[in-house]
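Data block below; observations after.
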Amino acid sequence: MVQHHIEACAKVPGMKEILLMGFYQPHEALSRFLVSAQQEFKIPIRYLQEYAALGTGGGIYHFRDQILSGGAGAFFVLNADVCSEFPLQEMLEFRQQHGDAHSFVILGTTANRTQALNYGCIVANADTQEVQHYVEKPSTFVSEIINCGIYLFTPAIFQHIGEVFQRNQQELVLEESSNGWQRAEVIRLEQDVFTALAGSNKLYVYKTDGFWSQIKSAGSAIYASRLYLNQYSKSHPERLAQNKPGGPIIRGNVYIHPTASIDSTAVLGPNVSIGEGVTVGAGVRVRESIVLHGASLHDHTCVLNTIVGWDSTIGRWARVEGTPSDPNPNDPYAKIDSETLFRDGRLTPSITILGRSHLHPAPHSEAPFRLTPHALSAGCSVTIPAEVVILNSIVLPHKELSRSYKNQIIL
Ligand SMILES: Nc1nc2c(ncn2[C@@H]2O[C@H](COP(=O)(O)OP(=O)(O)O[C@H]3O[C@H](CO)[C@@H](O)[C@H](O)[C@@H]3O)[C@@H](O)[C@H]2O)c(=O)[nH]1
């Protein structure tokens with residue numbers, strides 16, 4: 001997911017350094033990713049680990065010395081769980097034209113009235129785009145302009161976060177709380193800082209019509225993959241597979257890793273991403289799916305709306321199918337719903353996932369996504385036998401199925 005953020009940041013002229021911030025323990029796969037991304041994008045990249053989940057505001061405040069150490073005049077903050085064309089340069093230009101050089105800029109987009117309630121909502125002056133009112137996930141309608149979780153700040157933002165920190169500390173002293181220090185450091189950028197900054201002539205919104213989506217569920221990964229592949233078709237058509245004599249039949253936007261072996265009678269696409277070392281047999285059909293590295297699709301399998309985990313095998317003539325959770329195509333402002341797995345005590349039909357685990361960026365590859373399991377050395381390695389149907393199911397790693405399944409989570 002974050003490889004796209006890095007690629008976008010590295011393109012901004014004058015960008016000095018990229019910091020990934022999180023509260024996860026760093027591990028070997030992350031270090032390998034950082035090394036390869038630094039080489040690919042030719043920019044220093046470091047991971048900063050919070051000692052606890054401090055919230056976005058608390059996190060950047062905690063690492064403010066690191067962020068400002070190179071004498072940065074401005075910096076971007078991007079939520080990791082979004083996909084976007086990241087119009088960062090446009091945000092810089094917007095700040096140049098509107099507002100003053102020290103203002104902060106939020107990237108905004110339009111949502112429909114119902115879905116806007118799931119996001120930060122922004123009311124702005126129609127002429128100047130100054131944010132007059134900011135409400136995080138309101139309970140009733142406030143505005144159709146939502147916060148994309150992509151910000152341009154100057155070092156002055158730390159004074160505002162610092163004020164919240166001081167206030168938190170004083171309140172905690174009054175409460176005589178024993179773990180006051182830690183709690184004072186937890187600061188939510190949206191509720192604690194933006195709400196207060198609104199109407200003070202310091203916060204502006206730059207609205208984009210470009211693609212943008214949250215990635216809160218595995219189902220949204222297939223949707224996000226489609227958005228990125230579509231972007232590749234304009235910005236990097238060389239990254240997409242073409243119909244060639246002796247090659248598979250390609251429909252729409254498809255990414256195939258150069259090491260994958262695809263039978264010439266297979267039909268792939270639209271919206272398919274095939275990872276490193278994948279084998280695809282004769283007569284295979286894949287559509288709206290992500291097939292991760294080392295997976296093997298035997299002859300005549302059919303894979304639709306599915307994420308196939310790494311090193312998984314699908315037996316011949318098997319059909320693996322999920323139900324897409326795409327936004328309403330008739331509403332230009334519709335966003336993908338981050339479905340919970342269960343509704344009314346039932347598993348909601350969703351994409352099928354073989355070897356479900358965490359989403360992880362794809363090192364050494366331009367494939368939009370790759371999955372990584374909790375145990376990093378392990379693969380997903382799900383085995384589906386020949387001639388079965390797997391429908392709307394989530395199969396956990398290292399599972400060897402022996403029959404067909406429908407609407408199930410298979411442990
Ligand atoms: N480092 C760090 N990151 C955090 C922490 N808590 C959340 N994040 C990261 O901060 C981002 C925001 O996540 P949430 O706080 O869960 O908010 P949200 O429901 O995703 O809503 C935010 O994003 C929406 C757009 O996707 C916005 O519309 C909304 O206003 C808000 O900014 C995500 O990338 C999440 O991983 C933390 O303690 N530490």
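Letters A, B, ... go to the chains of the structure tokens in the order shown; residues in each chain start at 1; ligands are counted from 1 in the same order.
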How close does each residue of range 213-268 of chain A get to range 59-80 of chain A, giving the shortest atom pair and distance in Å to one decimal for every residue with an atom at most 12 Å away, counting only C-alpha atoms, sorted by chain and residue number, as a tab-separated table?
```
residue	atom	partner	partner_atom	distance
A:Ser213	CA	A:Asn79	CA	11.3
A:Gln214	CA	A:Ala80	CA	9.2
A:Ile215	CA	A:Ala80	CA	8.8
A:Lys216	CA	A:Ala80	CA	10.2
```
Could you please take those selected residues and save N, CA and C atoms as a compact mmCIF listing (two decimals), in the first residue's frame?
```txt
# COMPACT_ATOMS: atom_id res chain seq x y z
N SER A 213 -9.63 6.58 -2.46
CA SER A 213 -10.46 5.65 -1.69
C SER A 213 -9.73 5.25 -0.41
N GLN A 214 -10.52 4.92 0.59
CA GLN A 214 -9.95 4.31 1.79
C GLN A 214 -9.66 2.85 1.48
N ILE A 215 -8.70 2.24 2.17
CA ILE A 215 -8.50 0.79 2.05
C ILE A 215 -8.60 0.22 3.45
N LYS A 216 -9.82 -0.06 3.88
CA LYS A 216 -10.02 -0.53 5.26
C LYS A 216 -10.32 -2.02 5.30
```
Taking only C-alpha atoms and all ligand atoms into account, which residues are within 8 Å of ligand 1, as a PyMOL selection string?
chain A and resi 21-23+49-50+52-56+58-60+78-82+118-121+136-137+146-149+186+188-190+213-216
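The interatomic distance for the pair CA of Val280 in chain A and CA of Arg32 in chain A works out to 27.7 Å.
If you look at CA of Val395 in chain A and CA of Gly309 in chain A, they are 9.5 Å away from each other.
Among the candidates A:Leu88, A:Val308, A:Ile106, A:Ile145, the one nearest to Pro397 in chain A when counting only C-alpha atoms is A:Val308.
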Can you tell me, as a ChimeraX atom specification, what residues are no more than 9 Å from range 317-334 of chain A when counting only C-alpha atoms, ignoring any on the same chain fewer than 6 positions away?
/A:109-112,115,219-220,222-223,284,288,298-306,349-353,384-393
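Closest approach to Pro248 in chain A among A:Thr140, A:Ser36, A:Ser217, A:Thr265 is made by A:Thr265 (distances from only C-alpha atoms).
Closest approach to Gly199 in chain A from the set A:Arg167, A:His133, A:His102, A:His236 is made by A:His133, with distances taken over only C-alpha atoms.
Taking CA of Ile249 in chain A and CA of Val267 in chain A as the two end points, the separation is 4.7 Å.
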List the neighbours of Val382 in chain A out to 12 Å using only C-alpha atoms; skip same-chain residues closer than 5 positions along the sequence, and give me the result as JSON, numbers by chain.
{"A": [292, 294, 295, 296, 297, 307, 308, 309, 310, 311, 312, 313, 314, 315, 353, 354, 355, 356, 394, 395, 396, 397, 398, 399, 400, 401, 402, 410, 411]}
Now that the selection is made, can you save its residues with N, CA and C atoms as a compact mmCIF listing (two decimals), in the first residue's frame?
```
# COMPACT_ATOMS: atom_id res chain seq x y z
N LEU A 292 -1.09 -13.54 -5.64
CA LEU A 292 0.19 -13.17 -5.02
C LEU A 292 1.29 -14.17 -5.33
N GLY A 294 4.17 -16.78 -6.09
CA GLY A 294 4.33 -18.22 -5.88
C GLY A 294 3.06 -19.03 -6.01
N ALA A 295 1.92 -18.39 -6.29
CA ALA A 295 0.66 -19.14 -6.39
C ALA A 295 0.63 -19.90 -7.71
N SER A 296 -0.19 -20.97 -7.72
CA SER A 296 -0.26 -21.79 -8.92
C SER A 296 -1.74 -22.06 -9.26
N LEU A 297 -2.16 -21.63 -10.43
CA LEU A 297 -3.54 -21.85 -10.86
C LEU A 297 -3.49 -22.94 -11.93
N ILE A 307 -8.68 -12.71 -3.75
CA ILE A 307 -7.25 -12.53 -3.50
C ILE A 307 -6.68 -13.91 -3.22
N VAL A 308 -5.74 -14.35 -4.06
CA VAL A 308 -5.12 -15.66 -3.89
C VAL A 308 -3.79 -15.42 -3.15
N GLY A 309 -3.69 -15.92 -1.93
CA GLY A 309 -2.51 -15.69 -1.09
C GLY A 309 -1.28 -16.37 -1.67
N TRP A 310 -0.12 -15.91 -1.21
CA TRP A 310 1.12 -16.41 -1.80
C TRP A 310 1.28 -17.92 -1.60
N ASP A 311 1.89 -18.56 -2.57
CA ASP A 311 2.17 -20.00 -2.57
C ASP A 311 0.92 -20.86 -2.47
N SER A 312 -0.24 -20.32 -2.79
CA SER A 312 -1.47 -21.13 -2.77
C SER A 312 -1.59 -21.88 -4.09
N THR A 313 -2.33 -23.01 -4.05
CA THR A 313 -2.53 -23.81 -5.26
C THR A 313 -4.01 -24.02 -5.47
N ILE A 314 -4.45 -23.82 -6.69
CA ILE A 314 -5.86 -24.08 -7.01
C ILE A 314 -5.90 -25.21 -8.05
N GLY A 315 -6.58 -26.31 -7.70
CA GLY A 315 -6.61 -27.50 -8.56
C GLY A 315 -7.41 -27.26 -9.84
N ILE A 353 -11.01 -14.80 -0.16
CA ILE A 353 -9.60 -14.59 0.16
C ILE A 353 -8.99 -15.91 0.55
N LEU A 354 -7.97 -16.33 -0.17
CA LEU A 354 -7.26 -17.56 0.20
C LEU A 354 -6.02 -17.17 0.96
N GLY A 355 -5.96 -17.54 2.23
CA GLY A 355 -4.78 -17.19 3.03
C GLY A 355 -4.86 -15.77 3.51
N ARG A 356 -5.97 -15.42 4.20
CA ARG A 356 -6.19 -14.06 4.60
C ARG A 356 -5.18 -13.61 5.65
N ILE A 394 -13.49 -16.97 3.24
CA ILE A 394 -12.18 -16.52 3.68
C ILE A 394 -11.46 -17.74 4.23
N VAL A 395 -10.35 -18.09 3.61
CA VAL A 395 -9.63 -19.30 4.02
C VAL A 395 -8.35 -18.87 4.71
N LEU A 396 -8.14 -19.30 5.92
CA LEU A 396 -6.93 -18.88 6.65
C LEU A 396 -5.70 -19.63 6.14
N PRO A 397 -4.50 -19.07 6.40
CA PRO A 397 -3.28 -19.64 5.81
C PRO A 397 -3.09 -21.13 6.13
N HIS A 398 -2.37 -21.82 5.26
CA HIS A 398 -1.96 -23.22 5.45
C HIS A 398 -3.12 -24.17 5.57
N LYS A 399 -4.13 -23.98 4.78
CA LYS A 399 -5.31 -24.84 4.88
C LYS A 399 -5.40 -25.66 3.61
N GLU A 400 -5.64 -26.95 3.77
CA GLU A 400 -5.82 -27.81 2.61
C GLU A 400 -7.29 -28.19 2.56
N LEU A 401 -8.02 -27.66 1.62
CA LEU A 401 -9.46 -27.93 1.59
C LEU A 401 -9.70 -29.25 0.85
N SER A 402 -10.81 -29.92 1.20
CA SER A 402 -11.07 -31.19 0.53
C SER A 402 -12.41 -31.18 -0.21
N ILE A 410 -12.93 -20.31 6.88
CA ILE A 410 -12.38 -21.65 7.12
C ILE A 410 -11.07 -21.51 7.89
N LEU A 411 -11.10 -22.00 9.12
CA LEU A 411 -9.93 -21.81 10.01
C LEU A 411 -8.89 -22.89 9.82
```
I'd like the contact shell of Ala8 in chain A - 9 Å cut-off, only C-alpha atoms, skipping same-chain residues fewer than 5 positions apart - returned as a ChimeraX atom specification.
/A:3,85-88
Would you output that residue set with N, CA and C atoms, as a compact mmCIF listing (two decimals), in the first residue's frame?
```txt
# COMPACT_ATOMS: atom_id res chain seq x y z
N GLN A 3 3.90 1.79 -0.92
CA GLN A 3 4.81 2.02 -2.04
C GLN A 3 4.28 3.15 -2.94
N GLU A 85 -4.31 9.46 -6.26
CA GLU A 85 -3.24 9.83 -7.18
C GLU A 85 -2.32 10.86 -6.50
N PHE A 86 -2.56 11.15 -5.24
CA PHE A 86 -1.70 11.99 -4.41
C PHE A 86 -1.26 13.26 -5.15
N PRO A 87 -2.17 14.22 -5.30
CA PRO A 87 -1.80 15.47 -6.01
C PRO A 87 -0.99 16.40 -5.11
N LEU A 88 0.20 15.97 -4.73
CA LEU A 88 0.99 16.70 -3.74
C LEU A 88 1.50 18.03 -4.29
```
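Considering the residues A:Arg316, A:Arg95, A:Lys202, A:Arg343 and counting only C-alpha atoms, Val131 in chain A has its shortest atom-to-atom contact with A:Lys202.
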